[in-house]
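Next comes target-v2.txt, a file with compact mmCIF, C-alpha atoms.
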# COMPACT_ATOMS: atom_id res chain seq x y z
CA MET A 1 19.82 22.33 15.50
CA SER A 2 16.69 23.26 17.46
CA LEU A 3 13.49 21.69 16.17
CA LYS A 4 9.83 22.36 16.88
CA VAL A 5 7.38 19.55 16.15
CA ASN A 6 3.63 20.17 15.97
CA VAL A 7 0.80 17.68 15.47
CA SER A 8 -2.65 18.42 14.06
CA GLU A 9 -5.59 16.17 13.22
CA ARG A 10 -7.59 16.24 10.02
CA THR A 11 -10.54 14.33 8.58
CA LEU A 12 -10.72 13.67 4.83
CA HIS A 13 -13.90 12.72 3.00
CA PHE A 14 -14.11 10.13 0.24
CA LYS A 15 -15.65 11.12 -3.08
CA GLN A 16 -17.27 7.68 -3.18
CA PRO A 17 -17.52 5.12 -0.36
CA ALA A 18 -14.42 2.91 -0.41
CA GLY A 19 -15.29 -0.74 0.16
CA THR A 20 -12.69 -2.87 1.92
CA SER A 21 -12.64 -6.21 3.71
CA ARG A 22 -13.02 -4.26 6.95
CA GLY A 23 -16.12 -2.36 5.90
CA VAL A 24 -16.83 0.77 3.91
CA TYR A 25 -14.92 4.00 4.49
CA THR A 26 -16.60 7.38 4.00
CA GLU A 27 -14.06 9.37 6.05
CA ARG A 28 -10.33 9.12 6.72
CA HIS A 29 -8.77 10.40 9.94
CA ILE A 30 -5.11 11.43 9.75
CA TRP A 31 -2.49 13.26 11.82
CA LEU A 32 -0.20 15.81 10.17
CA ILE A 33 3.26 16.43 11.63
CA THR A 34 5.07 19.69 10.94
CA VAL A 35 8.74 20.00 11.87
CA SER A 36 10.39 23.42 11.77
CA ASP A 37 13.78 24.94 12.47
CA SER A 38 14.83 28.55 12.18
CA LYS A 39 14.52 28.52 8.37
CA ASN A 40 12.38 25.70 6.98
CA VAL A 41 9.28 23.61 7.62
CA GLY A 42 8.74 19.93 6.80
CA ILE A 43 5.46 18.02 6.81
CA GLY A 44 4.57 14.36 7.19
CA GLU A 45 1.42 12.27 7.55
CA CYS A 46 0.45 9.60 10.08
CA ALA A 47 -2.48 7.57 8.76
CA PRO A 48 -3.21 4.33 10.66
CA LEU A 49 -5.94 2.17 9.16
CA PRO A 50 -8.76 1.25 11.56
CA GLN A 51 -8.85 -2.43 12.55
CA LEU A 52 -5.75 -3.16 10.47
CA SER A 53 -2.68 -1.15 11.50
CA CYS A 54 -0.61 -2.59 14.35
CA ASP A 55 -0.61 0.93 15.81
CA ASP A 56 -4.37 1.45 15.45
CA LEU A 57 -4.89 2.90 18.92
CA PRO A 58 -7.85 4.85 20.35
CA ASP A 59 -7.43 8.54 19.48
CA PRO A 60 -6.40 9.80 22.95
CA ILE A 61 -3.76 7.06 23.25
CA TYR A 62 -2.51 7.51 19.67
CA ASP A 63 -2.16 11.25 20.30
CA LYS A 64 -0.24 10.65 23.52
CA VAL A 65 2.19 8.11 22.04
CA LEU A 66 2.78 10.22 18.92
CA ARG A 67 3.40 13.31 21.03
CA ARG A 68 5.94 11.43 23.13
CA PHE A 69 7.94 10.48 20.02
CA CYS A 70 7.66 14.03 18.68
CA ASP A 71 9.02 15.39 21.98
CA GLU A 72 12.01 13.06 21.69
CA VAL A 73 12.69 14.27 18.15
CA GLU A 74 12.52 17.86 19.41
CA GLN A 75 15.05 17.09 22.13
CA THR A 76 17.49 14.95 20.16
CA GLY A 77 16.92 15.86 16.50
CA GLN A 78 16.82 12.11 15.79
CA ILE A 79 14.06 9.55 15.19
CA PRO A 80 14.11 6.74 17.80
CA TYR A 81 13.86 4.05 15.13
CA GLU A 82 14.08 0.95 17.32
CA ALA A 83 11.49 2.23 19.78
CA MET A 84 9.17 3.09 16.89
CA ARG A 85 9.18 -0.31 15.18
CA PRO A 86 5.71 -1.15 16.65
CA TYR A 87 4.33 2.22 15.42
CA PRO A 88 4.79 2.22 11.62
CA SER A 89 2.30 4.98 10.77
CA MET A 90 3.91 7.32 13.29
CA LEU A 91 7.40 6.41 12.08
CA PHE A 92 6.46 7.06 8.46
CA GLY A 93 5.04 10.47 9.37
CA LEU A 94 8.18 11.53 11.22
CA GLU A 95 10.48 10.15 8.52
CA THR A 96 8.59 12.13 5.89
CA ALA A 97 8.52 15.34 7.94
CA LEU A 98 12.27 15.30 8.63
CA LEU A 99 13.13 14.48 5.01
CA SER A 100 10.82 17.27 3.92
CA LEU A 101 12.54 19.68 6.32
CA GLU A 102 16.03 18.69 5.20
CA ARG A 103 15.52 18.33 1.44
CA HIS A 104 12.42 20.41 0.66
CA PRO A 105 10.74 20.35 -1.75
CA LYS A 106 12.06 16.97 -2.97
CA LEU A 107 12.43 14.13 -0.49
CA PHE A 108 14.75 12.15 -2.77
CA ASP A 109 16.80 13.26 -5.75
CA THR A 110 15.52 10.88 -8.44
CA PRO A 111 14.31 11.31 -12.04
CA PHE A 112 10.74 10.84 -10.78
CA SER A 113 11.14 13.46 -8.04
CA ARG A 114 12.58 15.87 -10.61
CA GLY A 115 9.53 15.38 -12.85
CA GLU A 116 11.52 13.66 -15.62
CA VAL A 117 9.82 10.25 -15.60
CA GLY A 118 6.60 8.70 -14.32
CA ILE A 119 6.03 5.60 -12.21
CA PRO A 120 3.78 2.91 -13.78
CA ILE A 121 0.80 2.21 -11.52
CA ASN A 122 -2.14 -0.16 -11.41
CA GLY A 123 -5.75 0.91 -11.82
CA LEU A 124 -7.54 -0.07 -8.62
CA VAL A 125 -11.13 -1.33 -8.75
CA TRP A 126 -12.71 -1.07 -5.30
CA MET A 127 -15.15 -3.57 -3.85
CA GLY A 128 -18.77 -2.88 -4.67
CA SER A 129 -21.76 -4.42 -6.41
CA TYR A 130 -21.13 -6.31 -9.64
CA GLU A 131 -22.42 -3.35 -11.65
CA GLU A 132 -20.28 -0.85 -9.75
CA MET A 133 -17.13 -2.93 -10.14
CA GLU A 134 -17.79 -3.50 -13.83
CA GLN A 135 -18.24 0.24 -14.39
CA ARG A 136 -15.08 1.11 -12.43
CA MET A 137 -13.13 -1.53 -14.33
CA GLU A 138 -14.29 -0.06 -17.63
CA GLU A 139 -13.30 3.44 -16.52
CA LYS A 140 -9.78 2.28 -15.65
CA LEU A 141 -9.35 0.61 -19.03
CA GLU A 142 -10.61 3.71 -20.83
CA GLN A 143 -8.16 5.85 -18.85
CA GLY A 144 -5.32 3.82 -20.28
CA PHE A 145 -4.38 1.54 -17.39
CA ARG A 146 -2.65 -1.65 -18.48
CA CYS A 147 -2.56 -3.20 -15.03
CA ILE A 148 -5.92 -3.65 -13.31
CA LYS A 149 -6.22 -4.67 -9.68
CA LEU A 150 -9.58 -6.05 -8.51
CA LYS A 151 -10.46 -6.17 -4.83
CA ILE A 152 -12.48 -9.34 -4.39
CA GLY A 153 -14.21 -11.13 -1.54
CA ALA A 154 -17.18 -8.80 -1.06
CA ILE A 155 -19.70 -10.15 -3.57
CA ASP A 156 -20.52 -13.59 -4.94
CA PHE A 157 -17.32 -15.29 -6.10
CA GLU A 158 -18.90 -16.38 -9.38
CA GLN A 159 -19.61 -12.75 -10.21
CA GLU A 160 -16.02 -11.77 -9.36
CA LEU A 161 -14.82 -14.60 -11.57
CA ASP A 162 -17.01 -13.26 -14.36
CA LEU A 163 -15.34 -9.83 -14.08
CA THR A 164 -11.91 -11.36 -14.62
CA LYS A 165 -13.29 -13.37 -17.53
CA LYS A 166 -14.64 -10.21 -19.18
CA ILE A 167 -11.23 -8.57 -19.13
CA ARG A 168 -9.55 -11.64 -20.59
CA GLN A 169 -12.13 -11.94 -23.35
CA ARG A 170 -11.08 -8.46 -24.53
CA PHE A 171 -7.39 -8.29 -23.60
CA SER A 172 -4.67 -10.93 -23.49
CA TYR A 173 -2.27 -11.00 -20.56
CA HIS A 174 0.29 -9.38 -22.89
CA ASP A 175 -1.97 -6.32 -23.17
CA VAL A 176 -3.49 -6.04 -19.68
CA GLU A 177 -1.96 -7.36 -16.48
CA LEU A 178 -4.61 -8.49 -14.01
CA ARG A 179 -4.14 -8.72 -10.25
CA VAL A 180 -6.65 -9.56 -7.54
CA ASP A 181 -6.60 -8.85 -3.82
CA ALA A 182 -8.68 -11.16 -1.64
CA ASN A 183 -7.85 -9.41 1.66
CA GLY A 184 -7.98 -12.81 3.41
CA ALA A 185 -11.52 -13.58 2.24
CA PHE A 186 -10.99 -17.23 1.24
CA ARG A 187 -11.22 -20.16 3.67
CA TYR A 188 -8.27 -22.52 3.89
CA GLU A 189 -10.53 -25.18 5.37
CA ASP A 190 -12.30 -27.68 3.07
CA GLY A 191 -10.07 -26.69 0.14
CA ASP A 192 -12.05 -23.50 -0.54
CA ALA A 193 -8.99 -21.31 -1.16
CA LEU A 194 -7.15 -23.71 -3.45
CA TYR A 195 -10.33 -24.38 -5.46
CA LYS A 196 -10.88 -20.65 -6.00
CA LEU A 197 -7.23 -20.12 -6.93
CA GLU A 198 -7.55 -22.86 -9.56
CA LEU A 199 -10.63 -21.18 -11.03
CA LEU A 200 -8.96 -17.77 -11.10
CA SER A 201 -5.86 -19.20 -12.75
CA GLN A 202 -7.87 -19.81 -15.96
CA TYR A 203 -7.61 -16.10 -16.68
CA ALA A 204 -3.83 -15.63 -16.64
CA LEU A 205 -3.66 -13.49 -13.52
CA HIS A 206 -0.36 -11.94 -12.50
CA SER A 207 -0.93 -12.66 -8.79
CA ILE A 208 -3.35 -12.76 -5.90
CA GLU A 209 -2.79 -10.89 -2.65
CA GLN A 210 -3.50 -12.46 0.73
CA PRO A 211 -5.95 -15.25 -0.25
CA ILE A 212 -6.52 -16.35 3.38
CA ARG A 213 -6.52 -14.37 6.61
CA LYS A 214 -3.17 -13.55 8.22
CA GLY A 215 -1.56 -15.56 10.98
CA GLN A 216 -1.78 -18.99 9.36
CA TRP A 217 1.84 -19.44 8.33
CA ALA A 218 1.69 -23.20 7.76
CA ASN A 219 -1.53 -23.00 5.75
CA MET A 220 -0.27 -20.05 3.71
CA ALA A 221 3.00 -21.90 3.04
CA GLU A 222 1.06 -24.89 1.71
CA LEU A 223 -1.06 -22.62 -0.51
CA CYS A 224 2.09 -21.02 -1.91
CA ARG A 225 3.42 -24.48 -2.76
CA GLU A 226 0.20 -25.74 -4.32
CA SER A 227 -1.32 -22.63 -5.89
CA PRO A 228 -1.39 -22.35 -9.69
CA LEU A 229 -1.28 -18.57 -9.14
CA PRO A 230 1.63 -16.58 -7.65
CA ILE A 231 0.69 -15.42 -4.14
CA ALA A 232 1.65 -12.04 -2.67
CA LEU A 233 1.61 -11.32 1.06
CA ASP A 234 0.13 -8.07 2.34
CA GLU A 235 -1.74 -8.12 5.67
CA GLU A 236 0.52 -11.03 6.68
CA LEU A 237 3.40 -8.59 7.07
CA ILE A 238 1.61 -6.29 9.53
CA GLY A 239 3.11 -6.39 13.01
CA VAL A 240 6.16 -8.39 11.91
CA ASN A 241 8.69 -5.75 12.84
CA ASP A 242 11.83 -7.63 13.87
CA PRO A 243 14.29 -8.28 10.98
CA GLU A 244 14.91 -11.91 11.97
CA GLN A 245 11.19 -12.59 12.28
CA LYS A 246 10.72 -11.10 8.80
CA ARG A 247 13.33 -13.47 7.40
CA GLN A 248 11.86 -16.45 9.26
CA MET A 249 8.36 -15.78 7.97
CA LEU A 250 9.45 -15.39 4.35
CA ARG A 251 11.53 -18.57 4.53
CA ILE A 252 8.60 -20.53 5.94
CA ILE A 253 5.85 -19.22 3.66
CA LYS A 254 7.95 -18.62 0.51
CA PRO A 255 5.51 -16.28 -1.31
CA ALA A 256 6.18 -15.10 -4.84
CA TYR A 257 5.82 -11.44 -3.83
CA ILE A 258 5.31 -9.09 -0.91
CA VAL A 259 3.27 -5.88 -1.14
CA LEU A 260 4.58 -3.05 1.03
CA LYS A 261 2.82 -0.06 2.54
CA PRO A 262 5.11 2.22 4.59
CA SER A 263 2.25 3.26 6.90
CA LEU A 264 1.63 -0.41 7.77
CA HIS A 265 4.94 -2.16 7.31
CA GLY A 266 7.53 -0.24 9.27
CA GLY A 267 7.80 3.15 7.62
CA MET A 268 10.55 3.69 5.06
CA MET A 269 13.11 1.97 7.28
CA GLY A 270 10.99 -1.15 7.71
CA CYS A 271 10.10 -1.36 4.03
CA ARG A 272 13.77 -1.14 3.06
CA GLU A 273 14.40 -4.08 5.38
CA TRP A 274 11.55 -6.09 3.86
CA ILE A 275 12.76 -5.40 0.30
CA SER A 276 16.34 -6.34 1.15
CA ILE A 277 15.40 -9.58 2.93
CA ALA A 278 12.87 -10.54 0.25
CA GLY A 279 15.48 -9.94 -2.45
CA GLU A 280 17.92 -12.26 -0.66
CA GLU A 281 15.19 -14.93 -0.63
CA GLY A 282 14.34 -14.50 -4.31
CA ILE A 283 10.97 -12.85 -3.54
CA GLY A 284 9.70 -9.90 -5.58
CA SER A 285 8.04 -6.79 -4.19
CA TRP A 286 6.15 -3.64 -5.03
CA ILE A 287 4.95 -0.63 -3.03
CA THR A 288 1.40 0.55 -2.41
CA SER A 289 -0.21 3.51 -0.68
CA ALA A 290 -2.79 2.91 2.05
CA LEU A 291 -5.44 5.61 1.68
CA GLU A 292 -3.13 8.43 2.71
CA SER A 293 -3.68 12.03 1.62
CA ASN A 294 -1.43 13.47 -1.08
CA ILE A 295 1.17 14.24 1.62
CA GLY A 296 1.67 10.55 2.27
CA LEU A 297 1.21 9.53 -1.36
CA ASN A 298 3.89 11.96 -2.50
CA ALA A 299 6.31 10.58 0.08
CA ILE A 300 5.54 6.96 -0.81
CA ALA A 301 5.99 7.60 -4.54
CA GLN A 302 9.31 9.39 -4.05
CA PHE A 303 10.44 6.64 -1.67
CA CYS A 304 9.47 4.05 -4.28
CA SER A 305 11.55 5.84 -6.91
CA SER A 306 14.54 5.90 -4.57
CA VAL A 307 14.27 2.20 -3.67
CA TYR A 308 13.77 0.76 -7.15
CA GLY A 309 15.37 3.48 -9.28
CA ASP A 310 15.19 2.63 -12.96
CA ALA A 311 14.40 -0.99 -12.11
CA ILE A 312 10.65 -0.63 -11.46
CA ILE A 313 9.53 -3.95 -12.93
CA PHE A 314 5.98 -4.05 -11.60
CA PRO A 315 3.27 -1.37 -11.71
CA GLN A 316 3.06 0.12 -8.22
CA GLY A 317 -0.12 0.76 -6.21
CA LEU A 318 0.04 4.55 -6.14
CA GLY A 319 -3.22 5.67 -7.71
CA THR A 320 -5.11 6.66 -4.55
CA GLY A 321 -4.58 10.42 -4.76
CA GLN A 322 -7.97 11.10 -6.34
CA LEU A 323 -10.07 9.56 -3.58
CA PHE A 324 -10.90 12.59 -1.42
CA THR A 325 -13.04 15.68 -1.95
CA ASP A 326 -10.76 17.69 0.35
CA ASN A 327 -7.33 16.28 -0.36
CA ILE A 328 -4.20 18.30 0.38
CA PRO A 329 -2.86 19.88 -2.83
CA MET A 330 0.39 18.38 -4.11
CA PRO A 331 1.94 18.47 -7.61
CA LEU A 332 0.93 14.88 -8.40
CA GLU A 333 -0.95 13.83 -11.52
CA ILE A 334 -1.83 10.64 -13.34
CA ARG A 335 -0.93 10.59 -17.03
CA GLY A 336 -2.27 7.47 -18.69
CA ASN A 337 -1.06 4.64 -16.49
CA GLU A 338 1.73 6.55 -14.76
CA LEU A 339 2.03 8.81 -11.72
CA TRP A 340 4.04 12.00 -12.30
CA ILE A 341 5.30 14.95 -10.30
CA SER A 342 4.95 18.32 -12.03
CA LYS A 343 8.34 19.65 -13.14
CA ASN A 344 7.44 23.06 -11.75
CA SER A 345 7.17 21.76 -8.19

structure tokens encoding of this file:
Amino acid sequence: MSLKVNVSERTLHFKQPAGTSRGVYTERHIWLITVSDSKNVGIGECAPLPQLSCDDLPDPIYDKVLRRFCDEVEQTGQIPYEAMRPYPSMLFGLETALLSLERHPKLFDTPFSRGEVGIPINGLVWMGSYEEMEQRMEEKLEQGFRCIKLKIGAIDFEQELDLTKKIRQRFSYHDVELRVDANGAFRYEDGDALYKLELLSQYALHSIEQPIRKGQWANMAELCRESPLPIALDEELIGVNDPEQKRQMLRIIKPAYIVLKPSLHGGMMGCREWISIAGEEGIGSWITSALESNIGLNAIAQFCSSVYGDAIIFPQGLGTGQLFTDNIPMPLEIRGNELWISKNS
């Protein structure tokens, strides 16, 4: 089978500035991969996150490396998986494009992909001022979300604590699940992290993601042992691409959960490895998008439905499709607290 692989760049614009631990995003730069044969065309998305992805390379270098892998796919018809382990965003884009070419329009044959069921998702409240976060939180509750995820670490901790308190004053943990994501904002030193975890635990949180910055395995392991809150690893997983190193890290740190983003954590192949190893170690997991366009979000959601099937226990982090003014149209829609694919797609 003769393949032609093309790469094009695109800039997306946020409807509202998206506050993260690495600054505020107003634009999102992505690479679209189209793979064609004599009959069909498949499309995938490469979307590295600045200052976070292990393959966050300067544009000319990223283009060159991506083109080299695309040339190899053209020549062989196969993805060089082992060589691409250090380049998760590129791998995810090629995986998606080839699945799209082979199985278009559905990447996986699942009830979700057929438009028969939805995937429960969390309502994400971005970092911002206290007033902005309170308003966004209220909007998510009014929209029907029953799992709220707060990104914390940008404003005064007492104010962030007050936001969690306000939810709990209105809804018990039976009615609204509450997660927080610290993006490594707490200090391990002087007991800062453990003290904040103890304060947060008053409000029956489901979990906290990445309380301290990545790369402190011993300190994170101690926090996981001592924390009154279940801890989920996120940034900690970035750049850990070897299966044995994945196993070693999880055995040392022993988190309650891991949070997986295909663009950051090894594409679909790498995420399957993480989920399998975590399951063997008794560690839970869920899947999250990472500010991709609807091309990437659609692929991540279908991948999620193929991995977990009918056993989706936790709300997934797949509600980012409404972020951009110039998103790429896809048959995705949020109904209440679930993500759906239109049956007519």

Correct to one decimal, the distance atom CA of Pro58 of chain A-atom CA of Val73 of chain A is 22.7 Å

Which residues are near segment 184-193 of chain A? Cut-off 9 Å, only C-alpha atoms, ignore same chain within fewer than 5 positions. Put them as a list in words. Ser21, Ile152, Gly153, Ala154, Glu198, Glu209, Gln210, Pro211, Ile212, Arg213, Lys214, Asn219, Met220, Leu223 and Glu235 of chain A

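Using only C-alpha atoms, the smallest distance between any of A:Cys271, A:Leu318, A:Leu233, A:Met330 and Tyr257 of chain A comes from A:Leu233.
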
List the neighbours of segment 308-310 of chain A out to 10 Å using all atoms listed in the file; skip same-chain residues closer than 2 positions along the sequence, and give me the result as a ChimeraX atom specification. /A:110-112,117,119,275,285-287,302-306,312-313

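The space separating atom CA of Ser207 of chain A from atom CA of Ala256 of chain A comes to 8.5 Å.
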
Would you mind listing what lies within 7 Å of Leu150 of chain A as a PyMOL selection string, with all atoms listed in the file counted and same-chain residues fewer than 3 positions away left out? chain A and resi 124-126+179-181

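Here atom CA of Asp55 of chain A stands at a distance of 18.7 Å from atom CA of Val259 of chain A.
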
Residue contacts of Glu132 of chain A (12 Å, only C-alpha atoms) excluding same-chain residues fewer than 6 positions away, as a PDB file with C-alpha atoms, keeping the file's coordinate frame:
ATOM      1  CA  GLN A  16     -17.270   7.680  -3.180  1.00  0.00           C
ATOM      2  CA  PRO A  17     -17.520   5.120  -0.360  1.00  0.00           C
ATOM      3  CA  ALA A  18     -14.420   2.910  -0.410  1.00  0.00           C
ATOM      4  CA  GLY A  19     -15.290  -0.740   0.160  1.00  0.00           C
ATOM      5  CA  VAL A 125     -11.130  -1.330  -8.750  1.00  0.00           C
ATOM      6  CA  TRP A 126     -12.710  -1.070  -5.300  1.00  0.00           C
ATOM      7  CA  GLU A 138     -14.290  -0.060 -17.630  1.00  0.00           C
ATOM      8  CA  GLU A 139     -13.300   3.440 -16.520  1.00  0.00           C
ATOM      9  CA  LEU A 150      -9.580  -6.050  -8.510  1.00  0.00           C
ATOM     10  CA  ILE A 155     -19.700 -10.150  -3.570  1.00  0.00           C
ATOM     11  CA  GLN A 159     -19.610 -12.750 -10.210  1.00  0.00           C
ATOM     12  CA  GLU A 160     -16.020 -11.770  -9.360  1.00  0.00           C
ATOM     13  CA  LEU A 163     -15.340  -9.830 -14.080  1.00  0.00           C
TER      14      LEU A 163
END

Using 4 Å of padding on each side, determine the axis-aligned box around all atoms of segment 299-315 of chain A present in the file and give its centre and edge lengths in Å to one decimal, as AutoDock Vina command-line options.
--center_x 9.3 --center_y 3.3 --center_z -6.4 --size_x 20.1 --size_y 22.6 --size_z 21.0

Closest contacts (segment 205-291 of chain A/segment 76-90 of chain A, max 7 Å, all atoms listed in the file) as a Markdown table:
| residue | atom | partner | partner_atom | distance |
| --- | --- | --- | --- | --- |
| A:Gly239 | CA | A:Pro86 | CA | 6.9 |
| A:Asn241 | CA | A:Arg85 | CA | 5.9 |
| A:Ser263 | CA | A:Ser89 | CA | 4.2 |
| A:Leu264 | CA | A:Pro88 | CA | 5.6 |
| A:His265 | CA | A:Pro88 | CA | 6.1 |
| A:Gly266 | CA | A:Pro88 | CA | 4.4 |
| A:Gly267 | CA | A:Pro88 | CA | 5.1 |

Could you list, as a tab-separated table (two decimals) with C-alpha atoms, in the coordinates of the input, every residue within 12 Å of Ser201 of chain A, counting all atoms listed in the file and ignoring same-chain residues fewer than 2 positions away?
chain	number	residue	atom	x	y	z
A	161	LEU	CA	-14.82	-14.60	-11.57
A	164	THR	CA	-11.91	-11.36	-14.62
A	165	LYS	CA	-13.29	-13.37	-17.53
A	168	ARG	CA	-9.55	-11.64	-20.59
A	173	TYR	CA	-2.27	-11.00	-20.56
A	178	LEU	CA	-4.61	-8.49	-14.01
A	179	ARG	CA	-4.14	-8.72	-10.25
A	180	VAL	CA	-6.65	-9.56	-7.54
A	194	LEU	CA	-7.15	-23.71	-3.45
A	195	TYR	CA	-10.33	-24.38	-5.46
A	196	LYS	CA	-10.88	-20.65	-6.00
A	197	LEU	CA	-7.23	-20.12	-6.93
A	198	GLU	CA	-7.55	-22.86	-9.56
A	199	LEU	CA	-10.63	-21.18	-11.03
A	203	TYR	CA	-7.61	-16.10	-16.68
A	204	ALA	CA	-3.83	-15.63	-16.64
A	205	LEU	CA	-3.66	-13.49	-13.52
A	206	HIS	CA	-0.36	-11.94	-12.50
A	207	SER	CA	-0.93	-12.66	-8.79
A	208	ILE	CA	-3.35	-12.76	-5.90
A	227	SER	CA	-1.32	-22.63	-5.89
A	228	PRO	CA	-1.39	-22.35	-9.69
A	229	LEU	CA	-1.28	-18.57	-9.14
A	230	PRO	CA	1.63	-16.58	-7.65
A	231	ILE	CA	0.69	-15.42	-4.14

Final N, CA and C atoms of segment 244-259 of chain A as a short mmCIF file (atom, residue, chain, number, x, y, z; two decimals), in the frame of the given file:
data_model
loop_
_atom_site.label_atom_id
_atom_site.label_comp_id
_atom_site.auth_asym_id
_atom_site.auth_seq_id
_atom_site.Cartn_x
_atom_site.Cartn_y
_atom_site.Cartn_z
N GLU A 244 14.77 -10.45 12.01
CA GLU A 244 14.91 -11.91 11.97
C GLU A 244 13.57 -12.60 11.83
N GLN A 245 12.53 -12.02 12.44
CA GLN A 245 11.19 -12.59 12.28
C GLN A 245 10.71 -12.42 10.85
N LYS A 246 11.06 -11.30 10.21
CA LYS A 246 10.72 -11.10 8.80
C LYS A 246 11.35 -12.21 7.94
N ARG A 247 12.62 -12.45 8.17
CA ARG A 247 13.33 -13.47 7.40
C ARG A 247 12.72 -14.86 7.64
N GLN A 248 12.44 -15.15 8.91
CA GLN A 248 11.86 -16.45 9.26
C GLN A 248 10.53 -16.66 8.55
N MET A 249 9.67 -15.64 8.58
CA MET A 249 8.36 -15.78 7.97
C MET A 249 8.47 -16.01 6.47
N LEU A 250 9.32 -15.24 5.80
CA LEU A 250 9.45 -15.39 4.35
C LEU A 250 10.04 -16.75 3.99
N ARG A 251 10.95 -17.25 4.81
CA ARG A 251 11.53 -18.57 4.53
C ARG A 251 10.52 -19.68 4.73
N ILE A 252 9.62 -19.50 5.69
CA ILE A 252 8.60 -20.53 5.94
C ILE A 252 7.52 -20.50 4.86
N ILE A 253 6.99 -19.32 4.58
CA ILE A 253 5.85 -19.22 3.66
C ILE A 253 6.29 -19.28 2.20
N LYS A 254 7.42 -18.65 1.88
CA LYS A 254 7.95 -18.62 0.51
C LYS A 254 6.92 -18.09 -0.51
N PRO A 255 6.43 -16.87 -0.32
CA PRO A 255 5.51 -16.28 -1.31
C PRO A 255 6.27 -15.88 -2.56
N ALA A 256 5.54 -15.61 -3.62
CA ALA A 256 6.18 -15.10 -4.84
C ALA A 256 6.53 -13.63 -4.68
N TYR A 257 5.65 -12.89 -3.96
CA TYR A 257 5.82 -11.44 -3.83
C TYR A 257 5.41 -10.99 -2.43
N ILE A 258 5.87 -9.80 -2.06
CA ILE A 258 5.31 -9.09 -0.91
C ILE A 258 4.90 -7.70 -1.39
N VAL A 259 3.82 -7.19 -0.79
CA VAL A 259 3.27 -5.88 -1.14
C VAL A 259 3.44 -4.98 0.08
#
